[in-house]
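Presented below is the structure to which this report refers.
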Amino acid sequence: MADQQSLILTLLMIAWGVITAVLAVLVIYRSTLASREDDQIFIDAAEQHHYQEQVAVIARLSRLTKPIIALAVMSAVLLLASAGLWMYQGFKSF
């Protein structure tokens with residue numbers, strides 16, 4: 001039973017690490033995209049391509065919001081589950 005709980009705890013921690021690493025990569029990617037976003041752009045007819053680039057950047061930023069929130073929630077749930085199982089194992093061995 002204890003070996004099974006240790007295996008579950010190990011798997012939870014591995015899953016948490018993978019999810020958190022993916023979350024970190026997405027947050028870093030989003031921040032690099034946000035650094036290319038301009039707050040204001042003044043465009044004449046010759047610079048229309050800058051407007052299209054900004055629209056594309058804003059679209060990518062908005063598409064990243066839901067996966068980042070979902071990964072953050074999953075990371076928190078896995079961390080709390082791991083901590084709960086670890087504490088349960090500790091109290092059970094008392």
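Numbering starts fresh at 1 for the residues of each chain in the structure tokens, the chains themselves are lettered A, B, ... in the order given, and ligands are numbered from 1 as they appear.
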| task | Excluding Thr10 of chain A and any residue of its chain fewer than 6 positions from it, enumerate the residues within 12 Å of it, using only C-alpha atoms, and give them as a PyMOL selection string. | result | chain A and resi 3-4+16-17+78-79+81-83+85-86
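Contact shell of Gln89 of chain A at 10 Å (only C-alpha atoms; same-chain neighbours under 5 positions omitted): A:Ala2, A:Gln5, A:Ser6, A:Leu9, A:Ala83, A:Gly84, A:Phe94.
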| task | Please measure the separation of atom CA of Ala76 of chain A and atom CA of Ser31 of chain A, giving the value in Å to one decimal. | result |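 Computed distance, atom CA of Ala76 of chain A to atom CA of Ser31 of chain A, equals 21.2 Å.
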| said: What's around segment 22-26 of chain A at 9 Å? Count only C-alpha atoms, leave out sequence neighbours fewer than 2 positions away in its own chain, and write the answer as an NGL selection string. | reply: :A and (17-20 or 28-31 or 64 or 67-69 or 71-72 or 75)
Let me see the file: selected residues, C-alpha atoms, as a PDB file, in the first residue's frame.
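Result file result.pdb:
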ATOM      1  CA  GLY A  17       6.483  19.327 -13.233  1.00  0.00           C
ATOM      2  CA  VAL A  18       5.553  18.740 -16.872  1.00  0.00           C
ATOM      3  CA  ILE A  19       2.407  20.898 -16.673  1.00  0.00           C
ATOM      4  CA  THR A  20       4.282  23.680 -14.886  1.00  0.00           C
ATOM      5  CA  ILE A  28       7.412  33.336 -21.627  1.00  0.00           C
ATOM      6  CA  TYR A  29       6.156  33.046 -25.216  1.00  0.00           C
ATOM      7  CA  ARG A  30       3.206  35.294 -24.400  1.00  0.00           C
ATOM      8  CA  SER A  31       5.478  37.908 -22.849  1.00  0.00           C
ATOM      9  CA  LEU A  64      -2.994  31.916 -25.470  1.00  0.00           C
ATOM     10  CA  PRO A  67      -4.583  27.504 -22.319  1.00  0.00           C
ATOM     11  CA  ILE A  68      -2.523  29.507 -19.803  1.00  0.00           C
ATOM     12  CA  ILE A  69      -5.450  29.694 -17.377  1.00  0.00           C
ATOM     13  CA  LEU A  71      -2.600  24.973 -17.264  1.00  0.00           C
ATOM     14  CA  ALA A  72      -2.351  27.210 -14.187  1.00  0.00           C
ATOM     15  CA  SER A  75      -0.796  22.922 -11.994  1.00  0.00           C
TER      16      SER A  75
END
